[in-house]
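Take a look at the structure set out below.
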Amino acid sequence: MREDGDGLSVIVQVVTRWILVLIVVYGLAVASFGHLTPGGGFAGGVVIACGFVLATLAFGGRSGPARAFHRRVAQLEAAGALAFLGVAALGWTLGHFMQAWMPRGSGLTLASAPFLVLLNLAILLKVGAGLFAGFMVLVLFDRLTDAPREGEGGA
Amino acid sequence: MTGMGSYLPLFVVLPLAAGFLCLLLKGVAPRAAPWLSVVSMLGLLALAGSAVGGGGTEVAFAGGWGPRAFGDGAFVAGIALVLDGLSRLFLLLVALVGTAAAIYALRYLAPEPGRPLYHLLFNLLVAGMNGALLAGDLFNLYVFVEVASLASYGLVAYRPGGTEVEAAFKYLVLGTVASTGILLGIATLYAATGMLNMADLAAAIAAGAVPRPALAFAAGLFVLGFATKTAAMPFHAWLPDAHPSAPAPISAMLSGLLIKTLGIYALVRVFFLVVGVDERMRLLLTLLGCLSMWGGVLLAQAQDDLKRILAFHSVSQMGYVLVALGIDSWLGVAAALFHAVNHGLFKSALFLSAGSLERLSGTRRLSEMGGIFQRAPATAVGLVGSCLSIAGVPPFNGFWSKLLILIALVSAGQYLVALLAAGAALMTLVTFVKVQRKAVFGPLPARLAAARELPATMYLPVLALVVLCLLSGLLWPVGVDGVVGAAASAVRAPGEGGSAVEQYVEAVHGSRTP
């Protein structure tokens with residue numbers, strides 16, 4: 001990232017704008033089909049977090065699609081955790097915590113286990129926001145440790 | 001014998017939900033976070049109270065995945081939460097001390113920033129401890145131990161000063177070594193049996209399914225892990241830095257609860273119920289205990305920082321518990337658990353008082369304090385009461401549990417250990433007479449002339465804990481024979497034989513779900 005978040009070149013920005021949509025859709029798909037194919041909420045969350053890391057690198061931290069995401073990252077993460085807890089707690093209506101309370105659909109389709117899809121999407125939110133927050137913290141630490149050296153060398 | 005315990009996950013769900021709500025409401029209602037913590041702790045207190053009222057062993061299976069028939073027995077593949085006498089005792093302790101710490105934090109933390117994060121970590125700490133107390137299988141025990149440990153690493157570094165971060169890093173490294181040891185021990189048992197559920201493992205180990213070397217290897221790793229979490233003497237190096245560095249309510253939670261739930265409770269649960277305790281293990285516990293008892297109390301003598309004195313005394317007091325666990329009798333186990341609970345009550349009161357004194361006098365150095373009684377009598381009474389408890393002065397609970405440990409030691413014929421324990425108790429008395437005289441009585445330094453009594457939310461929790469110390473001492477027929485006795489019977493049957501394990505296995509396997 002260059003000085004104060006003006007991001008990378010126009011070419012990178014245009015390409016990123018195109019593939020960011022694909023990355024987000026891919027992450028959602030990996031999470032949603034987690035009960036049928038390799039993947040799941042964690043893998044999908046990692047994909048989406050990587051997408052937003054890419055966007056932050058391309059557009060800089062102060063503008064672009066990453067901005068809205070990283071201002072609310074703590075709340076998003078908390079919402080993911082609460083969504084998981086809420087979905088799991090609804091199982092109590094059938095007698096047990098974590099019991100699948102949604103009807104089971106026909107096999108090998110997205111709707112074959114809607115309960116798992118909801119849990120995977122909650123994990124996607126938690127992991128995606130959590131990893132992105134971790135990335136932002138690392139950037140912050142990097143700036144803090146670099147700060148004293150700024151005067152001597154030309155950036 | 002068994003009952004439906006489908007409400008058991010609430011002990012974990014409630015603090016988790018409260019913690020993440022604190023974070024979610026960060027921008028909307030930032031002042032709600034401390035109150036959310038208080039509400040969640042009061043809810044847990046009500047839950048723990050009703051759980052203590054019940055008897056027998058209650059079991060909950062996540063998603064209803066109960067025991068499945070396998071061969072001529074049954075085994076549990078799902079996640080089980082088990083509430084027995086031992087869990088009840090510690091759940092009640094967590095709820096009591098946690099409520100006091102949450103109320104104390106209302107005003108104590110008021111001027112400091114970053115509160116939603118504090119309350120998230122506080123609630124995660126409680127959720128991790130409650131989960132570890134209820135976990136019915138070794139892997140979930142490990143997971144919840146890690147949840148609580150990670151929250152505590154963050155809380156120790158909550159004030160971002162140099163010493164705090166250094167203490168947290170030291171704690172993080174040693175805590176992670178301990179956790180890795182525990183995980184490796186679990187992996188060894190899993191490799192040998194293919195089971196993780198504690199009831200299944202207990203039955204398998206009792207039947208000799210695990211080869212001796214593998215069992216000894218796993219036991220060694222568990223001792224390493226849980227002794228480090230308890231801060232028993234050769235493994236104690238992190239505690240005197242970590243506990244004083246945290247904010248006062250967190251010091252109270254760490255010293256009052258964490259070393260007991262992740263250390264003593266897990267040690268008792270894993271060894272008395274699953275791995276089994278033989279003569280060598282008892283000798284090891286006695287040795288660790290004697291070393292901690294004397295090492296902690298001697299190192300405390302040289303300190304001037306009030307919170308460091310208290311931290312070293314935590315090491316010393318855990319020594320009593322370990323010594324009592326090394327006695328081969330029901331009375332020994334009961335005395336150990338009684339002392340662990342008593343220590344939870346008076347040590348958290350002491351750390352909260354130390355926080356109040358720090359707020360009043362602007363220092364933690366005993367040599368610069370004095371005469372607080374003249375300016376803040378309620379705070380002073382709280383400190384004096386908890387000092388009397390830890391020093392083992394008669395009407396208070398510390399006296400009764402130390403007496404019980406001495407009786408158990410003498411009746412088991414361990415006269416030398418009894419002498420060591422009595423000597424360490426005397427040294428504890430000496431330290432806390434000194435603490436009282438320097439901090440509470442004596443002349444008032446000129447710079448404290450303007451000191452005022454702290455707000456009621458800071459002295460009432462301490463006074464409530466001191467009253468509990470007095471009550472659990474005075475009502476000891478109810479306390480010891482009731483809750484503590486049930487806890488001891490859950491891991492060691494009174495009299496001869498190990499039928500406590502059989503009862504546990506029976507309870508978990510018998511609670512089939514429709």
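Labels for the structure tokens follow display order: chains A, B, ..., residues from 1 in each chain, ligands from 1.
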Contacts of stretch 89-101 of chain A at 9 Å or less, counting only C-alpha atoms, minus same-chain residues fewer than 2 places along, as a VMD selection string? (chain A and resid 84 to 87 103 to 104 113 to 116) or (chain B and resid 6 to 10 13 60 to 65)
Residue contacts of B:Arg212 (12 Å, only C-alpha atoms) excluding same-chain residues fewer than 3 positions away, as a PyMOL selection string: chain B and resi 188-189+192+205-206+208-209+215-219+275-276
Now that the selection is made, can you save its residues with C-alpha atoms as a PDB file, in the first residue's frame?
```pdb
ATOM      1  CA  THR B 188      -2.535 -40.130  23.180  1.00  0.00           C
ATOM      2  CA  LEU B 189      -5.677 -41.409  24.874  1.00  0.00           C
ATOM      3  CA  ALA B 192      -5.186 -45.750  22.207  1.00  0.00           C
ATOM      4  CA  ILE B 205      -9.187 -47.280  31.060  1.00  0.00           C
ATOM      5  CA  ALA B 206     -10.710 -49.103  34.035  1.00  0.00           C
ATOM      6  CA  GLY B 208      -7.320 -51.891  30.881  1.00  0.00           C
ATOM      7  CA  ALA B 209      -7.820 -50.883  27.231  1.00  0.00           C
ATOM      8  CA  LEU B 215      -1.407 -44.034  30.065  1.00  0.00           C
ATOM      9  CA  ALA B 216       1.683 -42.857  31.970  1.00  0.00           C
ATOM     10  CA  PHE B 217       2.695 -40.607  29.041  1.00  0.00           C
ATOM     11  CA  ALA B 218      -0.771 -39.058  28.871  1.00  0.00           C
ATOM     12  CA  ALA B 219      -0.858 -38.641  32.662  1.00  0.00           C
ATOM     13  CA  VAL B 275      -7.055 -41.557  34.189  1.00  0.00           C
ATOM     14  CA  GLY B 276      -7.194 -42.828  37.754  1.00  0.00           C
TER      15      GLY B 276
END
```
Taking only C-alpha atoms into account, report as a JSON list (two decimals) with all heavy atoms, in the first residue's frame which residues of chain B lie within 12 Å of chain A.
```
[["chain", "number", "residue", "atom", "x", "y", "z"],
["B", 4, "MET", "N", -33.23, -34.85, 32.82],
["B", 4, "MET", "CA", -33.02, -34.13, 31.57],
["B", 4, "MET", "C", -32.30, -32.82, 31.86],
["B", 4, "MET", "O", -32.70, -32.07, 32.73],
["B", 4, "MET", "CB", -34.37, -33.85, 30.92],
["B", 4, "MET", "CG", -34.97, -35.06, 30.24],
["B", 4, "MET", "SD", -33.93, -35.63, 28.89],
["B", 4, "MET", "CE", -34.20, -34.32, 27.71],
["B", 5, "GLY", "N", -31.26, -32.59, 31.16],
["B", 5, "GLY", "CA", -30.51, -31.36, 31.40],
["B", 5, "GLY", "C", -30.40, -30.52, 30.16],
["B", 5, "GLY", "O", -29.38, -29.90, 29.91],
["B", 6, "SER", "N", -31.49, -30.48, 29.36],
["B", 6, "SER", "CA", -31.37, -29.80, 28.06],
["B", 6, "SER", "C", -31.13, -28.31, 28.22],
["B", 6, "SER", "O", -30.79, -27.64, 27.25],
["B", 6, "SER", "CB", -32.60, -30.05, 27.21],
["B", 6, "SER", "OG", -33.73, -29.58, 27.89],
["B", 7, "TYR", "N", -31.28, -27.78, 29.45],
["B", 7, "TYR", "CA", -31.00, -26.35, 29.65],
["B", 7, "TYR", "C", -29.52, -26.09, 29.87],
["B", 7, "TYR", "O", -29.09, -24.95, 29.90],
["B", 7, "TYR", "CB", -31.79, -25.83, 30.86],
["B", 7, "TYR", "CG", -31.28, -26.36, 32.18],
["B", 7, "TYR", "CD1", -30.43, -25.60, 32.97],
["B", 7, "TYR", "CD2", -31.61, -27.63, 32.62],
["B", 7, "TYR", "CE1", -29.92, -26.09, 34.16],
["B", 7, "TYR", "CE2", -31.11, -28.14, 33.79],
["B", 7, "TYR", "CZ", -30.28, -27.35, 34.56],
["B", 7, "TYR", "OH", -29.77, -27.86, 35.72],
["B", 8, "LEU", "N", -28.72, -27.14, 30.01],
["B", 8, "LEU", "CA", -27.31, -26.95, 30.38],
["B", 8, "LEU", "C", -26.53, -26.03, 29.43],
["B", 8, "LEU", "O", -25.70, -25.25, 29.89],
["B", 8, "LEU", "CB", -26.60, -28.31, 30.49],
["B", 8, "LEU", "CG", -27.01, -29.16, 31.68],
["B", 8, "LEU", "CD1", -26.21, -30.45, 31.71],
["B", 8, "LEU", "CD2", -26.81, -28.40, 32.97],
["B", 9, "PRO", "N", -26.75, -26.10, 28.09],
["B", 9, "PRO", "CA", -25.97, -25.18, 27.24],
["B", 9, "PRO", "C", -26.17, -23.72, 27.58],
["B", 9, "PRO", "O", -25.31, -22.89, 27.24],
["B", 9, "PRO", "CB", -26.48, -25.49, 25.83],
["B", 9, "PRO", "CG", -26.98, -26.88, 25.90],
["B", 9, "PRO", "CD", -27.54, -27.03, 27.28],
["B", 10, "LEU", "N", -27.26, -23.37, 28.28],
["B", 10, "LEU", "CA", -27.49, -21.96, 28.64],
["B", 10, "LEU", "C", -26.32, -21.38, 29.42],
["B", 10, "LEU", "O", -26.02, -20.19, 29.32],
["B", 10, "LEU", "CB", -28.75, -21.85, 29.50],
["B", 10, "LEU", "CG", -30.05, -21.47, 28.81],
["B", 10, "LEU", "CD1", -31.17, -21.38, 29.82],
["B", 10, "LEU", "CD2", -29.89, -20.14, 28.10],
["B", 11, "PHE", "N", -25.64, -22.22, 30.23],
["B", 11, "PHE", "CA", -24.50, -21.74, 31.01],
["B", 11, "PHE", "C", -23.42, -21.17, 30.10],
["B", 11, "PHE", "O", -22.63, -20.33, 30.51],
["B", 11, "PHE", "CB", -23.90, -22.88, 31.83],
["B", 11, "PHE", "CG", -24.64, -23.16, 33.09],
["B", 11, "PHE", "CD1", -25.47, -24.26, 33.21],
["B", 11, "PHE", "CD2", -24.50, -22.32, 34.18],
["B", 11, "PHE", "CE1", -26.15, -24.51, 34.38],
["B", 11, "PHE", "CE2", -25.18, -22.56, 35.36],
["B", 11, "PHE", "CZ", -26.01, -23.65, 35.45],
["B", 12, "VAL", "N", -23.32, -21.66, 28.87],
["B", 12, "VAL", "CA", -22.34, -21.15, 27.92],
["B", 12, "VAL", "C", -22.98, -20.12, 26.99],
["B", 12, "VAL", "O", -22.37, -19.10, 26.67],
["B", 12, "VAL", "CB", -21.72, -22.31, 27.11],
["B", 12, "VAL", "CG1", -20.64, -21.79, 26.19],
["B", 12, "VAL", "CG2", -21.18, -23.37, 28.03],
["B", 13, "VAL", "N", -24.22, -20.39, 26.58],
["B", 13, "VAL", "CA", -24.88, -19.53, 25.58],
["B", 13, "VAL", "C", -25.11, -18.13, 26.14],
["B", 13, "VAL", "O", -24.88, -17.13, 25.45],
["B", 13, "VAL", "CB", -26.21, -20.17, 25.14],
["B", 13, "VAL", "CG1", -27.01, -19.21, 24.30],
["B", 13, "VAL", "CG2", -25.96, -21.45, 24.38],
["B", 14, "LEU", "N", -25.51, -18.05, 27.40],
["B", 14, "LEU", "CA", -25.85, -16.74, 27.99],
["B", 14, "LEU", "C", -24.66, -15.78, 27.99],
["B", 14, "LEU", "O", -24.77, -14.67, 27.45],
["B", 14, "LEU", "CB", -26.42, -16.96, 29.40],
["B", 14, "LEU", "CG", -27.04, -15.76, 30.07],
["B", 14, "LEU", "CD1", -28.24, -15.27, 29.28],
["B", 14, "LEU", "CD2", -27.48, -16.11, 31.49],
["B", 15, "PRO", "N", -23.50, -16.17, 28.56],
["B", 15, "PRO", "CA", -22.37, -15.22, 28.51],
["B", 15, "PRO", "C", -21.87, -14.96, 27.09],
["B", 15, "PRO", "O", -21.46, -13.83, 26.78],
["B", 15, "PRO", "CB", -21.29, -15.88, 29.36],
["B", 15, "PRO", "CG", -21.69, -17.28, 29.53],
["B", 15, "PRO", "CD", -23.18, -17.34, 29.40],
["B", 16, "LEU", "N", -21.90, -15.99, 26.21],
["B", 16, "LEU", "CA", -21.47, -15.76, 24.83],
["B", 16, "LEU", "C", -22.35, -14.71, 24.16],
["B", 16, "LEU", "O", -21.85, -13.77, 23.53],
["B", 16, "LEU", "CB", -21.57, -17.06, 24.02],
["B", 16, "LEU", "CG", -20.36, -17.97, 23.94],
["B", 16, "LEU", "CD1", -20.64, -19.11, 22.99],
["B", 16, "LEU", "CD2", -19.16, -17.21, 23.46],
["B", 17, "ALA", "N", -23.67, -14.86, 24.32],
["B", 17, "ALA", "CA", -24.59, -13.92, 23.68],
["B", 17, "ALA", "C", -24.37, -12.53, 24.25],
["B", 17, "ALA", "O", -24.31, -11.54, 23.51],
["B", 17, "ALA", "CB", -26.03, -14.37, 23.90],
["B", 18, "ALA", "N", -24.22, -12.43, 25.58],
["B", 18, "ALA", "CA", -24.02, -11.11, 26.20],
["B", 18, "ALA", "C", -22.73, -10.48, 25.70],
["B", 18, "ALA", "O", -22.69, -9.29, 25.38],
["B", 18, "ALA", "CB", -23.98, -11.26, 27.72],
["B", 19, "GLY", "N", -21.67, -11.28, 25.58],
["B", 19, "GLY", "CA", -20.39, -10.77, 25.14],
["B", 19, "GLY", "C", -20.46, -10.21, 23.73],
["B", 19, "GLY", "O", -20.00, -9.09, 23.46],
["B", 20, "PHE", "N", -21.05, -10.96, 22.80],
["B", 20, "PHE", "CA", -21.09, -10.49, 21.42],
["B", 20, "PHE", "C", -22.09, -9.35, 21.26],
["B", 20, "PHE", "O", -21.92, -8.50, 20.39],
["B", 20, "PHE", "CB", -21.35, -11.65, 20.46],
["B", 20, "PHE", "CG", -20.12, -12.49, 20.26],
["B", 20, "PHE", "CD1", -20.05, -13.77, 20.76],
["B", 20, "PHE", "CD2", -19.02, -11.98, 19.61],
["B", 20, "PHE", "CE1", -18.91, -14.53, 20.61],
["B", 20, "PHE", "CE2", -17.87, -12.73, 19.45],
["B", 20, "PHE", "CZ", -17.81, -14.02, 19.95],
["B", 21, "LEU", "N", -23.12, -9.32, 22.10],
["B", 21, "LEU", "CA", -24.04, -8.17, 22.07],
["B", 21, "LEU", "C", -23.30, -6.89, 22.46],
["B", 21, "LEU", "O", -23.54, -5.83, 21.89],
["B", 21, "LEU", "CB", -25.21, -8.40, 23.02],
["B", 21, "LEU", "CG", -26.49, -8.97, 22.42],
["B", 21, "LEU", "CD1", -27.54, -9.15, 23.49],
["B", 21, "LEU", "CD2", -27.01, -8.07, 21.31],
["B", 22, "CYS", "N", -22.39, -6.99, 23.43],
["B", 22, "CYS", "CA", -21.58, -5.82, 23.83],
["B", 22, "CYS", "C", -20.87, -5.25, 22.62],
["B", 22, "CYS", "O", -20.81, -4.04, 22.42],
["B", 22, "CYS", "CB", -20.54, -6.21, 24.87],
["B", 22, "CYS", "SG", -21.20, -6.65, 26.46],
["B", 23, "LEU", "N", -20.30, -6.15, 21.80],
["B", 23, "LEU", "CA", -19.55, -5.71, 20.63],
["B", 23, "LEU", "C", -20.49, -5.16, 19.56],
["B", 23, "LEU", "O", -20.20, -4.16, 18.91],
["B", 23, "LEU", "CB", -18.76, -6.89, 20.08],
["B", 23, "LEU", "CG", -17.53, -6.57, 19.26],
["B", 23, "LEU", "CD1", -16.58, -5.71, 20.04],
["B", 23, "LEU", "CD2", -16.85, -7.85, 18.83],
["B", 24, "LEU", "N", -21.65, -5.82, 19.38],
["B", 24, "LEU", "CA", -22.60, -5.41, 18.35],
["B", 24, "LEU", "C", -23.15, -4.02, 18.66],
["B", 24, "LEU", "O", -23.38, -3.21, 17.76],
["B", 24, "LEU", "CB", -23.74, -6.43, 18.28],
["B", 24, "LEU", "CG", -24.66, -6.32, 17.07],
["B", 24, "LEU", "CD1", -23.91, -6.70, 15.81],
["B", 24, "LEU", "CD2", -25.85, -7.24, 17.24],
["B", 25, "LEU", "N", -23.35, -3.74, 19.96],
["B", 25, "LEU", "CA", -23.95, -2.46, 20.36],
["B", 25, "LEU", "C", -22.91, -1.37, 20.55],
["B", 25, "LEU", "O", -23.22, -0.30, 21.06],
["B", 25, "LEU", "CB", -24.73, -2.65, 21.67],
["B", 25, "LEU", "CG", -25.92, -3.60, 21.59],
["B", 25, "LEU", "CD1", -26.56, -3.75, 22.95],
["B", 25, "LEU", "CD2", -26.94, -3.11, 20.58],
["B", 26, "LYS", "N", -21.67, -1.65, 20.11],
["B", 26, "LYS", "CA", -20.57, -0.71, 20.35],
["B", 26, "LYS", "C", -20.91, 0.70, 19.88],
["B", 26, "LYS", "O", -20.74, 1.67, 20.61],
["B", 26, "LYS", "CB", -19.32, -1.22, 19.62],
["B", 26, "LYS", "CG", -18.05, -0.54, 20.04],
["B", 26, "LYS", "CD", -16.84, -1.22, 19.41],
["B", 26, "LYS", "CE", -16.70, -0.84, 17.97],
["B", 26, "LYS", "NZ", -15.41, -1.27, 17.40],
["B", 27, "GLY", "N", -21.44, 0.79, 18.63],
["B", 27, "GLY", "CA", -21.74, 2.10, 18.10],
["B", 27, "GLY", "C", -23.08, 2.65, 18.55],
["B", 27, "GLY", "O", -23.30, 3.85, 18.60],
["B", 28, "VAL", "N", -24.03, 1.76, 18.86],
["B", 28, "VAL", "CA", -25.41, 2.17, 19.14],
["B", 28, "VAL", "C", -25.57, 2.61, 20.59],
["B", 28, "VAL", "O", -26.07, 3.70, 20.86],
["B", 28, "VAL", "CB", -26.38, 1.01, 18.82],
["B", 28, "VAL", "CG1", -27.81, 1.52, 18.84],
["B", 28, "VAL", "CG2", -26.04, 0.38, 17.48],
["B", 59, "VAL", "N", -27.55, -34.65, 32.15],
["B", 59, "VAL", "CA", -26.76, -34.72, 30.93],
["B", 59, "VAL", "C", -27.52, -34.06, 29.79],
["B", 59, "VAL", "O", -28.73, -34.21, 29.68],
["B", 59, "VAL", "CB", -26.46, -36.19, 30.55],
["B", 59, "VAL", "CG1", -25.42, -36.24, 29.44],
["B", 59, "VAL", "CG2", -25.96, -36.95, 31.74],
["B", 60, "ALA", "N", -26.81, -33.30, 28.95],
["B", 60, "ALA", "CA", -27.41, -32.73, 27.74],
["B", 60, "ALA", "C", -26.54, -33.13, 26.56],
["B", 60, "ALA", "O", -25.31, -33.08, 26.65],
["B", 60, "ALA", "CB", -27.48, -31.22, 27.84],
["B", 61, "PHE", "N", -27.18, -33.57, 25.47],
["B", 61, "PHE", "CA", -26.42, -33.91, 24.26],
["B", 61, "PHE", "C", -26.75, -32.87, 23.20],
["B", 61, "PHE", "O", -27.91, -32.63, 22.90],
["B", 61, "PHE", "CB", -26.78, -35.30, 23.77],
["B", 61, "PHE", "CG", -26.39, -36.38, 24.72],
["B", 61, "PHE", "CD1", -27.34, -37.00, 25.52],
["B", 61, "PHE", "CD2", -25.07, -36.76, 24.84],
["B", 61, "PHE", "CE1", -26.97, -37.99, 26.41],
["B", 61, "PHE", "CE2", -24.70, -37.74, 25.74],
["B", 61, "PHE", "CZ", -25.65, -38.35, 26.52],
["B", 62, "ALA", "N", -25.71, -32.25, 22.64],
["B", 62, "ALA", "CA", -25.93, -31.24, 21.60],
["B", 62, "ALA", "C", -26.62, -31.89, 20.42],
["B", 62, "ALA", "O", -26.19, -32.94, 19.92],
["B", 62, "ALA", "CB", -24.59, -30.64, 21.17],
["B", 63, "GLY", "N", -27.73, -31.27, 19.99],
["B", 63, "GLY", "CA", -28.48, -31.80, 18.87],
["B", 63, "GLY", "C", -29.17, -33.12, 19.16],
["B", 63, "GLY", "O", -29.70, -33.77, 18.25],
["B", 64, "GLY", "N", -29.18, -33.54, 20.42],
["B", 64, "GLY", "CA", -29.84, -34.80, 20.77],
["B", 64, "GLY", "C", -29.05, -36.04, 20.40],
["B", 64, "GLY", "O", -29.60, -37.14, 20.35],
["B", 65, "TRP", "N", -27.74, -35.88, 20.12],
["B", 65, "TRP", "CA", -26.93, -37.04, 19.73],
["B", 65, "TRP", "C", -26.46, -37.79, 20.97],
["B", 65, "TRP", "O", -25.34, -37.61, 21.43],
["B", 65, "TRP", "CB", -25.75, -36.61, 18.87],
["B", 65, "TRP", "CG", -26.18, -36.18, 17.52],
["B", 65, "TRP", "CD1", -26.65, -34.96, 17.16],
["B", 65, "TRP", "CD2", -26.25, -36.98, 16.35],
["B", 65, "TRP", "NE1", -27.00, -34.96, 15.84],
["B", 65, "TRP", "CE2", -26.76, -36.18, 15.31],
["B", 65, "TRP", "CE3", -25.91, -38.33, 16.07],
["B", 65, "TRP", "CZ2", -26.95, -36.66, 14.02],
["B", 65, "TRP", "CZ3", -26.10, -38.79, 14.78],
["B", 65, "TRP", "CH2", -26.62, -37.96, 13.78],
["B", 66, "GLY", "N", -27.30, -38.63, 21.51],
["B", 66, "GLY", "CA", -27.02, -39.35, 22.74],
["B", 66, "GLY", "C", -26.19, -40.59, 22.50],
["B", 66, "GLY", "O", -25.66, -40.82, 21.41],
["B", 78, "GLY", "N", -21.50, -37.93, 20.17],
["B", 78, "GLY", "CA", -21.83, -36.51, 20.10],
["B", 78, "GLY", "C", -21.16, -35.72, 21.21],
["B", 78, "GLY", "O", -20.31, -36.22, 21.94],
["B", 79, "ILE", "N", -21.56, -34.46, 21.32],
["B", 79, "ILE", "CA", -21.03, -33.58, 22.35],
["B", 79, "ILE", "C", -21.93, -33.68, 23.58],
["B", 79, "ILE", "O", -23.14, -33.42, 23.48],
["B", 79, "ILE", "CB", -20.97, -32.13, 21.86],
["B", 79, "ILE", "CG1", -20.00, -32.02, 20.68],
["B", 79, "ILE", "CG2", -20.55, -31.19, 22.98],
["B", 79, "ILE", "CD1", -20.04, -30.68, 19.99],
["B", 80, "ALA", "N", -21.38, -34.07, 24.71],
["B", 80, "ALA", "CA", -22.17, -34.20, 25.93],
["B", 80, "ALA", "C", -21.79, -33.12, 26.92],
["B", 80, "ALA", "O", -20.61, -32.79, 27.07],
["B", 80, "ALA", "CB", -21.94, -35.58, 26.55],
["B", 81, "LEU", "N", -22.79, -32.52, 27.56],
["B", 81, "LEU", "CA", -22.54, -31.64, 28.70],
["B", 81, "LEU", "C", -23.08, -32.36, 29.93],
["B", 81, "LEU", "O", -24.22, -32.82, 29.93],
["B", 81, "LEU", "CB", -23.26, -30.30, 28.53],
["B", 81, "LEU", "CG", -22.81, -29.43, 27.36],
["B", 81, "LEU", "CD1", -23.60, -28.14, 27.34],
["B", 81, "LEU", "CD2", -21.34, -29.11, 27.45],
["B", 116, "PRO", "N", -16.30, -2.00, 25.47],
["B", 116, "PRO", "CA", -16.99, -3.14, 24.87],
["B", 116, "PRO", "C", -16.08, -4.35, 24.71],
["B", 116, "PRO", "O", -16.48, -5.49, 24.95],
["B", 116, "PRO", "CB", -17.45, -2.61, 23.51],
["B", 116, "PRO", "CG", -17.52, -1.15, 23.69],
["B", 116, "PRO", "CD", -16.45, -0.79, 24.66],
["B", 117, "LEU", "N", -14.81, -4.10, 24.36],
["B", 117, "LEU", "CA", -13.86, -5.19, 24.20],
["B", 117, "LEU", "C", -13.60, -5.88, 25.53],
["B", 117, "LEU", "O", -13.55, -7.11, 25.61],
["B", 117, "LEU", "CB", -12.55, -4.63, 23.64],
["B", 117, "LEU", "CG", -11.62, -5.68, 23.04],
["B", 117, "LEU", "CD1", -12.31, -6.38, 21.90],
["B", 117, "LEU", "CD2", -10.35, -5.03, 22.58],
["B", 120, "LEU", "N", -16.60, -8.01, 26.24],
["B", 120, "LEU", "CA", -16.61, -9.20, 25.38],
["B", 120, "LEU", "C", -15.68, -10.26, 25.96],
["B", 120, "LEU", "O", -16.06, -11.42, 26.13],
["B", 120, "LEU", "CB", -16.17, -8.84, 23.96],
["B", 120, "LEU", "CG", -15.88, -10.04, 23.06],
["B", 120, "LEU", "CD1", -17.15, -10.81, 22.78],
["B", 120, "LEU", "CD2", -15.23, -9.62, 21.76],
["B", 124, "LEU", "N", -16.48, -13.91, 27.49],
["B", 124, "LEU", "CA", -15.86, -15.10, 26.89],
["B", 124, "LEU", "C", -15.15, -15.92, 27.96],
["B", 124, "LEU", "O", -15.17, -17.16, 27.94],
["B", 124, "LEU", "CB", -14.86, -14.70, 25.81],
["B", 124, "LEU", "CG", -15.42, -14.39, 24.43],
["B", 124, "LEU", "CD1", -14.28, -14.01, 23.49],
["B", 124, "LEU", "CD2", -16.16, -15.58, 23.87],
["B", 513, "THR", "N", -31.64, -40.61, 24.89],
["B", 513, "THR", "CA", -32.65, -39.65, 24.45],
["B", 513, "THR", "C", -33.58, -40.33, 23.46],
["B", 513, "THR", "O", -33.13, -41.20, 22.71],
["B", 513, "THR", "CB", -31.97, -38.45, 23.79],
["B", 513, "THR", "OG1", -30.99, -38.94, 22.88],
["B", 513, "THR", "CG2", -31.31, -37.58, 24.81],
["B", 514, "PRO", "N", -34.83, -39.95, 23.45],
["B", 514, "PRO", "CA", -35.79, -40.60, 22.55],
["B", 514, "PRO", "C", -35.45, -40.32, 21.09],
["B", 514, "PRO", "O", -34.88, -39.29, 20.78],
["B", 514, "PRO", "CB", -37.12, -39.98, 22.92],
["B", 514, "PRO", "CG", -36.79, -38.73, 23.64],
["B", 514, "PRO", "CD", -35.48, -38.94, 24.28]]
```
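Coordinates place atom CA of B:Tyr171 at a distance of 20.2 Å from atom CA of B:Gln303.
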Looking only at helix (DSSP H, G or I) from DSSP on the backbone, list the matching residues of chain A as an NGL selection string. :A and (3-5 or 10-32 or 41-59 or 65-71 or 73-94 or 110-112 or 114-151)
Can you pull out every residue within 12 Å of B:Ala51, counting only C-alpha atoms, but drop anything in the same chain fewer than 2 positions away, and send it as a PyMOL selection string? chain B and resi 3-5+7-8+10-11+44-49+53-58+82-92+95+134+483
Need to verify the contact set: B:Leu141, 8 Å, only C-alpha atoms, exclusion of same-chain residues closer than 6 positions in sequence. Can you return it as a PyMOL selection string? chain B and resi 131-133+135
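The residue that comes closest to A:Arg17, out of A:Leu131, A:Ala111, A:Ala58, A:Ala29 and on the basis of only C-alpha atoms, is A:Ala58.
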I'd like the contact shell of B:Leu172 - 9 Å cut-off, only C-alpha atoms, skipping same-chain residues fewer than 2 positions apart - returned as a PyMOL selection string. chain B and resi 149-150+153+167-170+174-177+238
Dump C-alpha atoms for the selected residues as a PDB file, in the first residue's frame?
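Once everything was written out, this is selection.pdb:
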```
ATOM      1  CA  SER B 149      -7.238 -18.942  28.432  1.00  0.00           C
ATOM      2  CA  LEU B 150      -7.277 -16.828  25.251  1.00  0.00           C
ATOM      3  CA  TYR B 153      -4.374 -13.438  27.807  1.00  0.00           C
ATOM      4  CA  ALA B 167       3.285 -10.263  31.511  1.00  0.00           C
ATOM      5  CA  ALA B 168       0.601 -11.212  28.993  1.00  0.00           C
ATOM      6  CA  PHE B 169       3.207 -12.511  26.535  1.00  0.00           C
ATOM      7  CA  LYS B 170       4.893 -14.632  29.208  1.00  0.00           C
ATOM      8  CA  LEU B 174       3.525 -20.721  29.147  1.00  0.00           C
ATOM      9  CA  GLY B 175      -0.244 -21.113  28.813  1.00  0.00           C
ATOM     10  CA  THR B 176       0.118 -22.330  25.242  1.00  0.00           C
ATOM     11  CA  VAL B 177       2.784 -24.854  26.253  1.00  0.00           C
ATOM     12  CA  TRP B 238       3.657 -16.679  34.828  1.00  0.00           C
TER      13      TRP B 238
END
```
